[in-house]
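Student: This one is model35.cif, mmCIF, C-alpha atoms.
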```cif
data_final
#
loop_
_atom_site.label_atom_id
_atom_site.label_comp_id
_atom_site.auth_asym_id
_atom_site.auth_seq_id
_atom_site.Cartn_x
_atom_site.Cartn_y
_atom_site.Cartn_z
CA MET A 8 -27.95 -15.57 11.02
CA SER A 9 -29.40 -15.33 14.48
CA GLU A 10 -31.58 -12.57 15.79
CA ASN A 11 -29.37 -9.51 15.93
CA LYS A 12 -29.53 -7.26 18.96
CA GLY A 13 -28.69 -3.75 17.81
CA VAL A 14 -26.17 -1.40 19.26
CA ASN A 15 -27.64 1.90 20.39
CA ILE A 16 -26.07 4.98 18.74
CA LYS A 17 -27.46 7.68 21.03
CA ASN A 18 -26.13 8.65 24.41
CA GLU A 19 -29.15 8.04 26.61
CA LYS A 20 -29.61 5.83 29.66
CA GLN A 21 -31.92 2.91 29.03
CA ALA A 22 -32.55 -0.68 29.93
CA ASP A 23 -30.96 -2.03 26.75
CA PRO A 24 -27.71 -3.81 27.65
CA ALA A 25 -26.16 -3.02 24.29
CA PRO A 26 -23.28 -0.51 24.51
CA THR A 27 -23.22 2.41 22.12
CA PRO A 28 -20.47 4.29 20.28
CA GLN A 29 -21.42 7.43 22.21
CA ASN A 30 -21.77 6.05 25.73
CA THR A 31 -19.10 3.37 25.44
CA PRO A 32 -15.59 4.66 24.66
CA ILE A 33 -13.46 2.52 22.34
CA PHE A 34 -11.05 1.97 25.22
CA THR A 35 -13.15 1.04 28.21
CA ALA A 36 -12.21 0.74 31.84
CA PRO A 37 -13.39 -2.22 33.92
CA LEU A 38 -16.77 -1.60 35.51
CA ALA A 39 -17.98 -3.00 38.79
CA THR A 40 -21.17 -5.06 38.56
CA ALA A 41 -24.34 -4.20 40.45
CA ALA A 42 -23.76 -7.24 42.63
CA ALA A 43 -20.24 -6.24 43.74
CA VAL A 44 -19.56 -5.87 47.42
CA SER A 45 -17.99 -2.56 48.51
CA SER A 46 -14.22 -2.57 48.32
CA GLU A 47 -13.79 -2.15 52.08
CA THR A 48 -16.12 -5.04 52.90
CA ALA A 49 -14.63 -7.18 50.17
CA ASP A 50 -11.09 -6.60 51.44
CA ALA A 51 -12.09 -7.49 54.97
CA LEU A 52 -13.96 -10.64 53.94
CA ALA A 53 -11.19 -11.70 51.59
CA THR A 54 -8.72 -11.51 54.46
CA GLN A 55 -10.90 -13.06 57.15
CA ASN A 56 -13.09 -15.53 55.27
CA PRO A 57 -12.56 -15.98 51.52
CA ALA A 58 -15.19 -18.72 51.35
CA LEU A 59 -17.85 -16.43 52.84
CA LEU A 60 -16.96 -13.67 50.36
CA SER A 61 -17.36 -16.06 47.44
CA MET A 62 -20.75 -17.26 48.76
CA LEU A 63 -22.05 -13.70 49.22
CA GLN A 64 -20.97 -12.65 45.75
CA GLY A 65 -22.65 -15.68 44.25
CA ARG A 66 -25.95 -15.08 46.05
CA LEU A 67 -25.99 -11.36 45.29
CA GLY A 68 -25.29 -12.09 41.65
CA SER A 69 -28.25 -14.45 41.46
CA LEU A 70 -30.56 -11.64 42.64
CA ILE A 71 -29.85 -9.38 39.67
CA GLY A 72 -32.99 -9.06 37.60
CA ALA A 73 -35.04 -11.21 39.94
CA PRO A 74 -38.49 -9.90 40.97
CA SER A 75 -38.55 -8.63 44.52
CA GLY A 76 -42.25 -9.28 45.01
CA TYR A 77 -42.81 -5.69 46.14
CA ILE A 78 -45.13 -4.70 43.29
CA GLU A 79 -47.19 -7.86 43.73
CA SER A 80 -47.57 -7.09 47.43
CA LEU A 81 -49.21 -3.69 46.79
CA PRO A 82 -53.01 -3.29 47.10
CA LYS A 83 -54.95 -3.92 43.90
CA ALA A 84 -55.86 -0.25 43.48
CA VAL A 85 -52.21 0.80 43.73
CA ARG A 86 -51.12 -1.87 41.23
CA GLU A 87 -53.72 -0.56 38.78
CA ARG A 88 -52.29 2.94 39.14
CA VAL A 89 -48.84 1.53 38.41
CA ASP A 90 -50.31 -0.11 35.30
CA GLY A 91 -51.61 3.29 34.29
CA LEU A 92 -48.09 4.70 34.57
CA ARG A 93 -46.79 1.85 32.42
CA CYS A 94 -49.26 2.88 29.76
CA LEU A 95 -48.05 6.48 29.91
CA GLN A 96 -44.44 5.30 29.70
CA GLN A 97 -45.20 3.34 26.55
CA GLN A 98 -46.78 6.42 25.00
CA HIS A 99 -43.62 8.33 25.92
CA THR A 100 -41.53 5.68 24.16
CA ASP A 101 -43.73 5.93 21.06
CA ILE A 102 -43.06 9.68 20.95
CA ASP A 103 -39.34 9.04 21.45
CA LYS A 104 -39.35 6.75 18.42
CA LYS A 105 -40.79 9.53 16.28
CA LEU A 106 -38.25 11.97 17.73
CA HIS A 107 -35.24 9.82 16.82
CA LEU A 108 -36.56 9.16 13.33
CA GLU A 109 -37.06 12.89 12.80
CA ILE A 110 -33.54 13.60 14.07
CA PHE A 111 -32.22 11.09 11.54
CA GLU A 112 -34.22 12.72 8.76
CA LEU A 113 -32.75 16.06 9.83
CA GLU A 114 -29.26 14.58 9.50
CA LYS A 115 -30.12 13.50 5.97
CA LYS A 116 -31.44 16.98 5.15
CA TYR A 117 -28.28 18.70 6.34
CA SER A 118 -26.09 16.16 4.55
CA GLU A 119 -27.38 17.72 1.33
CA LEU A 120 -26.16 21.11 2.54
CA TYR A 121 -22.73 19.66 3.32
CA ALA A 122 -22.49 17.91 -0.08
CA PRO A 123 -21.16 20.91 -2.06
CA LEU A 124 -18.44 21.46 0.55
CA TYR A 125 -17.36 17.82 0.36
CA ALA A 126 -17.36 17.96 -3.44
CA ARG A 127 -15.18 21.07 -3.36
CA ARG A 128 -12.82 19.38 -0.89
CA THR A 129 -12.52 16.37 -3.20
CA GLU A 130 -11.66 18.58 -6.17
CA ILE A 131 -8.86 20.30 -4.27
CA VAL A 132 -7.47 17.10 -2.74
CA GLN A 133 -7.42 15.31 -6.09
CA GLY A 134 -5.98 18.30 -7.94
CA ALA A 135 -9.01 18.84 -10.16
CA ALA A 136 -9.26 22.44 -8.93
CA GLU A 137 -7.30 25.00 -6.95
CA PRO A 138 -8.66 26.95 -3.97
CA THR A 139 -9.73 30.50 -4.71
CA ASP A 140 -7.79 33.47 -3.38
CA ALA A 141 -10.55 34.09 -0.85
CA GLU A 142 -10.43 30.46 0.35
CA LYS A 143 -6.65 30.56 0.69
CA ALA A 144 -6.70 33.86 2.58
CA GLU A 145 -9.36 32.70 5.05
CA GLY A 146 -7.60 29.36 5.54
CA ALA A 147 -4.30 31.12 6.20
CA LYS A 148 -5.93 33.17 8.96
CA ILE A 149 -7.28 30.00 10.56
CA ALA A 150 -3.86 28.32 10.36
CA GLU A 151 -2.16 31.34 11.94
CA ALA A 152 -4.64 31.32 14.82
CA GLU A 153 -4.03 27.61 15.36
CA LYS A 154 -0.26 28.12 15.55
CA GLU A 155 -0.66 30.52 18.46
CA ASP A 156 -2.28 27.95 20.72
CA ALA A 157 -1.29 24.67 19.03
CA GLU A 158 -1.42 21.69 21.38
CA VAL A 159 -0.71 18.88 18.92
CA GLU A 160 2.03 18.60 16.33
CA SER A 161 0.63 17.39 13.03
CA GLY A 162 3.78 15.72 11.81
CA ILE A 163 3.50 17.52 8.46
CA THR A 164 6.84 18.66 7.10
CA GLU A 165 6.90 21.91 5.14
CA VAL A 166 8.46 21.67 1.68
CA PRO A 167 9.93 24.44 -0.46
CA GLU A 168 7.37 26.26 -2.58
CA ASP A 169 9.66 26.25 -5.61
CA GLY A 170 11.42 23.33 -7.24
CA GLU A 171 10.72 20.12 -9.10
CA ASP A 172 8.66 18.50 -6.30
CA ALA A 173 6.36 21.51 -6.08
CA GLU A 174 5.77 21.51 -9.82
CA GLU A 175 4.96 17.78 -9.95
CA ALA A 176 2.68 17.70 -6.89
CA THR A 177 -0.99 17.39 -7.77
CA GLY A 178 -3.65 18.21 -5.23
CA ILE A 179 -2.72 17.13 -1.72
CA PRO A 180 -0.67 13.91 -1.86
CA GLU A 181 -1.53 11.18 0.67
CA PHE A 182 -4.26 13.34 2.17
CA TRP A 183 -6.45 10.48 3.40
CA LEU A 184 -3.56 8.27 4.48
CA THR A 185 -2.25 11.10 6.68
CA ALA A 186 -5.71 11.83 8.08
CA LEU A 187 -6.32 8.18 8.99
CA ARG A 188 -2.83 7.80 10.42
CA ASN A 189 -3.47 10.74 12.75
CA HIS A 190 -6.53 9.00 14.21
CA PRO A 191 -5.16 6.86 17.08
CA GLN A 192 -7.58 3.94 16.72
CA LEU A 193 -7.39 3.77 12.94
CA ALA A 194 -3.61 4.08 13.06
CA GLU A 195 -3.57 0.84 15.04
CA LEU A 196 -5.32 -0.93 12.16
CA ILE A 197 -3.11 0.37 9.34
CA THR A 198 -0.07 -1.84 8.80
CA ASP A 199 3.05 -0.85 6.89
CA ARG A 200 1.86 -3.01 3.99
CA ASP A 201 -1.53 -1.23 4.00
CA GLU A 202 0.03 2.19 3.47
CA GLY A 203 0.92 1.44 -0.12
CA ALA A 204 -2.72 0.73 -0.97
CA ILE A 205 -4.20 3.57 1.08
CA LYS A 206 -2.04 6.05 -0.83
CA PHE A 207 -4.41 5.41 -3.74
CA LEU A 208 -7.45 6.44 -1.65
CA ARG A 209 -9.08 9.40 -3.41
CA ASP A 210 -12.14 10.08 -1.25
CA ILE A 211 -14.29 8.83 1.63
CA ARG A 212 -17.99 9.57 1.30
CA LEU A 213 -20.96 9.25 3.64
CA VAL A 214 -24.20 8.33 1.87
CA TYR A 215 -27.51 8.06 3.74
CA LEU A 216 -29.84 5.23 2.72
CA SER A 217 -33.07 6.33 1.08
CA ASP A 218 -35.27 3.31 1.79
CA LYS A 219 -34.41 2.64 5.44
CA PRO A 220 -32.57 4.25 8.38
CA GLY A 221 -28.88 3.74 7.84
CA PHE A 222 -25.85 4.90 5.89
CA LYS A 223 -23.08 3.72 3.61
CA LEU A 224 -19.37 4.54 3.78
CA GLU A 225 -17.76 4.65 0.33
CA PHE A 226 -13.99 4.56 -0.13
CA GLU A 227 -13.01 5.57 -3.68
CA PHE A 228 -9.61 4.38 -4.94
CA ALA A 229 -7.57 5.25 -7.99
CA GLU A 230 -6.39 2.40 -10.17
CA ASN A 231 -3.81 0.50 -8.17
CA PRO A 232 -1.79 -2.73 -8.14
CA TYR A 233 -3.58 -4.12 -5.07
CA PHE A 234 -7.22 -4.74 -6.04
CA SER A 235 -9.58 -4.21 -8.96
CA ASN A 236 -12.39 -2.49 -7.03
CA SER A 237 -12.69 1.24 -7.66
CA VAL A 238 -14.97 1.68 -4.63
CA LEU A 239 -14.98 -0.28 -1.37
CA SER A 240 -18.07 0.27 0.72
CA LYS A 241 -19.73 -0.81 3.93
CA THR A 242 -23.43 -0.35 4.62
CA TYR A 243 -24.93 -0.02 8.10
CA VAL A 244 -28.65 -0.41 8.82
CA TYR A 245 -30.28 0.92 11.97
CA GLU A 246 -33.02 -0.63 14.09
CA GLN A 247 -35.16 1.08 16.69
CA SER A 248 -35.03 0.12 20.33
CA ASP A 249 -38.35 -1.02 21.76
CA VAL A 250 -37.32 0.31 25.16
CA ALA A 251 -36.25 3.90 24.46
CA GLY A 252 -36.88 4.35 20.73
CA ASP A 253 -33.22 5.02 19.99
CA LEU A 254 -31.72 4.09 16.65
CA GLU A 255 -29.32 1.18 17.06
CA PHE A 256 -26.85 -0.47 14.77
CA GLY A 257 -28.67 -3.52 13.47
CA SER A 258 -26.54 -5.01 10.70
CA ALA A 259 -23.57 -4.30 8.43
CA GLN A 260 -22.72 -5.44 4.92
CA GLY A 261 -19.23 -5.07 3.52
CA THR A 262 -17.53 -5.40 0.14
CA GLU A 263 -15.74 -8.45 -1.19
CA ILE A 264 -12.34 -7.18 -2.27
CA ASP A 265 -11.07 -8.43 -5.62
CA TRP A 266 -7.42 -8.77 -4.64
CA LYS A 267 -4.71 -9.05 -7.25
CA PRO A 268 -2.81 -12.28 -6.43
CA GLU A 269 0.62 -10.71 -6.19
CA ASN A 270 -0.51 -7.99 -3.77
CA ASP A 271 -3.20 -9.57 -1.59
CA LEU A 272 -2.83 -7.75 1.74
CA SER A 273 -5.28 -10.06 3.50
CA VAL A 274 -2.81 -12.97 3.49
CA THR A 275 0.87 -13.64 3.73
CA VAL A 276 2.90 -16.61 2.55
CA GLU A 277 4.85 -18.56 5.13
CA THR A 278 7.85 -20.41 3.67
CA LYS A 279 9.97 -22.92 5.53
CA LYS A 280 12.11 -26.00 4.96
CA GLN A 281 11.23 -29.30 6.60
CA ARG A 282 13.18 -32.56 7.02
CA HIS A 283 11.42 -35.90 7.23
CA LYS A 284 12.30 -37.82 10.40
CA THR A 285 12.86 -41.18 8.76
CA SER A 286 14.04 -40.42 5.23
CA ASN A 287 16.01 -37.30 6.18
CA ARG A 288 14.84 -35.68 2.94
CA THR A 289 14.02 -31.97 2.97
CA ARG A 290 11.25 -30.07 1.27
CA VAL A 291 10.11 -26.46 0.98
CA VAL A 292 6.62 -25.82 2.32
CA LYS A 293 4.60 -22.70 1.48
CA LYS A 294 1.41 -21.94 3.34
CA THR A 295 -0.93 -18.99 2.97
CA VAL A 296 -2.07 -17.59 6.31
CA PRO A 297 -4.40 -14.67 7.20
CA ALA A 298 -2.69 -11.34 7.77
CA GLU A 299 -3.68 -8.32 9.80
CA THR A 300 -4.83 -5.48 7.56
CA PHE A 301 -6.92 -2.33 7.68
CA PHE A 302 -8.96 -3.78 4.82
CA SER A 303 -10.52 -6.31 7.20
CA PHE A 304 -12.86 -3.41 7.97
CA PHE A 305 -14.73 -4.17 4.73
CA ALA A 306 -15.49 -7.78 5.66
CA THR A 307 -19.04 -8.83 6.53
CA VAL A 308 -19.04 -10.49 9.93
CA GLU A 309 -21.99 -12.72 10.80
CA GLU A 310 -23.23 -12.42 14.37
CA PRO A 311 -23.17 -15.67 16.37
CA ASP A 312 -26.31 -17.31 17.68
CA SER A 313 -27.60 -15.67 20.85
CA ASP A 314 -27.13 -18.89 22.84
CA ASP A 315 -23.56 -19.41 21.65
CA ASP A 316 -21.32 -18.61 24.62
CA SER A 317 -18.09 -19.96 23.17
CA GLU A 318 -14.88 -17.95 23.26
CA LEU A 319 -14.97 -17.57 19.47
CA ALA A 320 -18.52 -16.21 19.64
CA ASP A 321 -17.53 -13.67 22.30
CA GLU A 322 -14.57 -12.54 20.20
CA THR A 323 -16.83 -12.18 17.16
CA ARG A 324 -19.30 -10.05 19.13
CA ASP A 325 -16.41 -7.87 20.31
CA ARG A 326 -15.27 -7.44 16.73
CA ILE A 327 -18.79 -6.49 15.58
CA GLU A 328 -19.10 -3.95 18.39
CA LEU A 329 -15.73 -2.43 17.48
CA ASP A 330 -16.78 -2.34 13.83
CA TYR A 331 -19.84 -0.26 14.75
CA GLU A 332 -17.70 2.08 16.81
CA LEU A 333 -15.27 2.59 13.92
CA ALA A 334 -18.19 3.23 11.56
CA GLU A 335 -19.39 5.94 13.90
CA GLU A 336 -15.89 7.46 13.95
CA PHE A 337 -15.92 7.69 10.15
CA LYS A 338 -19.47 9.06 10.07
CA GLU A 339 -19.19 11.64 12.83
CA LYS A 340 -15.52 12.63 12.74
CA ILE A 341 -13.36 11.52 9.81
CA VAL A 342 -15.65 12.46 6.92
CA PRO A 343 -16.91 15.80 8.34
CA CYS A 344 -13.52 16.97 9.65
CA ALA A 345 -10.99 15.33 7.33
CA VAL A 346 -8.66 18.33 7.09
CA ASP A 347 -8.49 18.59 10.89
CA TRP A 348 -7.31 14.98 11.04
CA PHE A 349 -4.84 15.67 8.23
CA THR A 350 -3.29 18.60 10.10
CA GLY A 351 -3.61 16.99 13.54
CA LYS A 352 -5.90 19.71 14.89
CA ALA A 353 -8.59 17.13 15.65
CA LEU A 354 -6.36 15.47 18.23
CA ALA A 355 -6.54 18.65 20.30
CA TYR A 356 -10.27 19.30 20.23
CA GLU A 357 -11.07 15.58 20.59
CA GLY A 358 -8.85 15.46 23.68
CA LEU A 359 -6.97 12.43 22.34
CA ASP A 360 -3.56 11.35 23.49
CA GLU A 361 -2.09 8.28 21.83
CA GLU A 362 -0.05 7.45 24.93
CA GLU A 363 -3.25 6.88 26.92
CA TYR A 364 -4.33 3.95 24.77
CA ASP A 365 -3.48 0.30 25.02
CA ASP A 366 -1.95 -0.89 21.74
CA GLU A 367 -3.27 -4.41 22.29
CA PHE A 368 -6.93 -3.36 22.44
CA MET A 369 -7.29 -2.95 18.69
CA ASP A 370 -6.17 -6.55 18.23
CA ASP A 371 -9.81 -7.51 18.91
CA TYR A 372 -10.57 -6.20 15.45
CA TYR A 373 -8.68 -9.02 13.81
CA ASP A 374 -9.63 -12.67 13.65
CA ASP A 375 -7.75 -14.92 16.03
CA GLU A 376 -6.56 -17.56 13.57
CA ASP A 377 -4.79 -20.78 14.51
CA ASP A 378 -1.98 -21.02 11.98
CA ASP A 379 -0.41 -24.24 13.29
CA ASP A 380 -0.64 -27.20 10.95
CA GLU A 381 -0.30 -30.09 13.42
CA ASP A 382 -0.86 -32.84 10.88
CA ASP A 383 1.88 -31.51 8.62
CA ASP A 384 4.37 -31.21 11.47
CA GLU A 385 3.88 -34.68 12.97
CA ASP A 386 6.43 -36.29 10.64
CA ASP A 387 8.50 -33.21 9.81
CA ASP A 388 10.97 -31.08 11.74
CA ASP A 389 11.58 -27.46 10.91
CA VAL A 390 15.09 -26.75 9.57
CA ASP A 391 14.98 -23.06 8.80
CA ASP A 392 12.80 -20.53 10.55
CA MET A 393 10.43 -18.57 8.38
CA SER A 394 11.35 -15.00 7.53
CA ARG A 395 10.72 -12.42 10.22
CA SER A 396 7.97 -10.66 8.26
CA ALA A 397 6.12 -13.90 7.53
CA LYS A 398 6.43 -15.02 11.12
CA ASP A 399 5.03 -11.78 12.46
CA ALA A 400 2.04 -12.03 10.14
CA ALA A 401 1.47 -15.69 10.92
CA GLU A 402 1.17 -15.09 14.65
CA PRO A 403 -1.76 -12.70 15.18
CA PRO A 404 -2.08 -11.33 18.70
CA GLN A 405 -4.55 -12.98 21.00
CA CYS A 406 -7.96 -11.42 21.29
CA LYS A 407 -9.15 -10.29 24.69
CA ASN A 408 -12.78 -10.40 25.69
CA GLN A 409 -14.08 -7.07 26.81
#
```
How would this structure read if it were set down as structure tokens?

Tutor:
Amino acid sequence: MSENKGVNIKNEKQADPAPTPQNTPIFTAPLATAAAVSSETADALATQNPALLSMLQGRLGSLIGAPSGYIESLPKAVRERVDGLRCLQQQHTDIDKKLHLEIFELEKKYSELYAPLYARRTEIVQGAAEPTDAEKAEGAKIAEAEKEDAEVESGITEVPEDGEDAEEATGIPEFWLTALRNHPQLAELITDRDEGAIKFLRDIRLVYLSDKPGFKLEFEFAENPYFSNSVLSKTYVYEQSDVAGDLEFGSAQGTEIDWKPENDLSVTVETKKQRHKTSNRTRVVKKTVPAETFFSFFATVEEPDSDDDSELADETRDRIELDYELAEEFKEKIVPCAVDWFTGKALAYEGLDEEEYDDEFMDDYYDDEDDDDEDDDEDDDDVDDMSRSAKDAAEPPQCKNQ
């Protein structure tokens, strides 16, 4: 694996080019480069002399990052004073490094205070315990206040308190599936096939690493017909920026899912009949192809070499960046405020509107696989089209470079 340039997780301006989950929204708008000509000038040049516009843009672009020679032109005494300021700036950065490490340690300290609340939440969700009268009364007051100024409909349908369904219900059914479905970006990742497996999700936990800066997301599942793992996890390790001292995402390690063959959500089987051109004989061909699934989140994606500028490398970097952003969503929003995502309240205070997002953006999360078997099709003609569901899964949407 090549040298990995981390992704900053704090919202501070710095020289690091790496975007961060805080300062880079998941759905970004195009940004003008520093070398761009003003829109008025560009429009005029484009109309009058397109060749001149192209030349100017090329020359301005080549100046980005190039030394101007100004510092070298200063008197020796002034340059030495500038060197003195550089020394002070480095000392400032050293203090910043300590600051960010202490902030992280403070997060770990307060996570221990949150732990009993999360444990209590898990008991109620799973049906191991019932809320106390005091908890129910206080929660009812909060719900009543939310109804008065509700901005987002949760999509939760009220059911009768009495009856067979009420007696059989244990805990809060499909709590985590509903919470994840109410998160616009995560909803884009969850397919109809995924829902069956996510219904078995019992808890999502945030665990801070003890030996290094970082954290682990643990997804606990009940026994299910999809995979044998009881816990799927993904671990993220931070690195410190040498420029500003911020903690950055450095690496991620996922879980290998032990899929049960009959319910492997990571693949789909394409079935079609083919007729040989010369013999006119037909045969049935079955081919396993990758399928889009929320569970791709748990894969470990190796970062390409820094000098690899291929399209595949760019798509892989985009996927890694999105993975870090989703990890931050789980860490900062989903785990701490799960009930607000379950009810839909979080959509209001997060200022999210699903209609504002481009559905195709999240396709960057999936691998762009070429499912065409050219060698197999050279001598064969398709007779019957594959089923609609298999065809949809066999044609993943094209990734777009950000």

Student: Decode the PyMOL selection byres ((chain A and resi 330) around 10) for the given file into explicit residues and return them as a PyMOL selection string.

Tutor: chain A and resi 28+259+303-306+308+324-329+331-336+372

Student: Taking the file above as input, evaluate the PyMOL selection byres ((chain A and resi 238) around 10) and report the hits as a VMD selection string.

Tutor: chain A and resid 208 to 211 224 to 229 235 to 237 239 to 240 262 264

Student: Running the PyMOL selection byres ((chain A and resi 110-121) around 12) on this model by hand, what would come out? Give it as an MDAnalysis selection string.

Tutor: chainID A and resid 16:17 103:109 122:128 212:222 245 247 252:255 338:339 342:344

Student: Any idea what the distance is between atom CA of Ala194 of chain A and atom CA of Thr242 of chain A?

Tutor: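 Answer for the atom CA of Ala194 of chain A to atom CA of Thr242 of chain A separation: 22.0 Å.
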
Student: Between A:Lys340, A:Lys143, A:His99, A:Arg86, which residue has the minimum interatomic distance to Tyr356 of chain A, considering only C-alpha atoms?

Tutor: A:Lys340

Student: Interatomic distance between atom CA of Lys154 of chain A and atom CA of Thr185 of chain A?

Tutor: 19.3 Å

Student: Report, in Å to a single decimal, how far apart atom CA of Thr323 of chain A and atom CA of Gly257 of chain A are.

Tutor: 15.1 Å

Student: Of the candidates A:Ala135, A:His190, A:Arg93, A:Pro82, which shows the shortest atom-to-atom distance to Asp347 of chain A, using only C-alpha atoms?

Tutor: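 Smallest distance to Asp347 of chain A is found for A:His190.
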
Student: Between A:Glu299, A:Glu318, A:Glu263, A:Asp101, which residue has the minimum interatomic distance to Thr198 of chain A, considering only C-alpha atoms?

Tutor: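 Checking each candidate against Thr198 of chain A, we get A:Glu299 as the closest.
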
Student: Using all atoms listed in the file, which of A:Glu153, A:Asn231, A:Ile102, A:Thr177 sits nearest Gly134 of chain A?

Tutor: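 Of all the options, A:Thr177 lies closest to Gly134 of chain A.
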
Student: Find, counting all atoms listed in the file, the residue in A:Thr307, A:Pro268, A:Lys293, A:Leu184 that gets nearest to Tyr243 of chain A.

Tutor: A:Thr307

Student: Residues near Ala345 of chain A, anyone? I mean within 9 Å using all atoms listed in the file, not counting same-chain ones fewer than 4 positions away, as a VMD selection string.

Tutor: chain A and resid 182 to 183 186 to 187 340 to 341 349 to 350 353
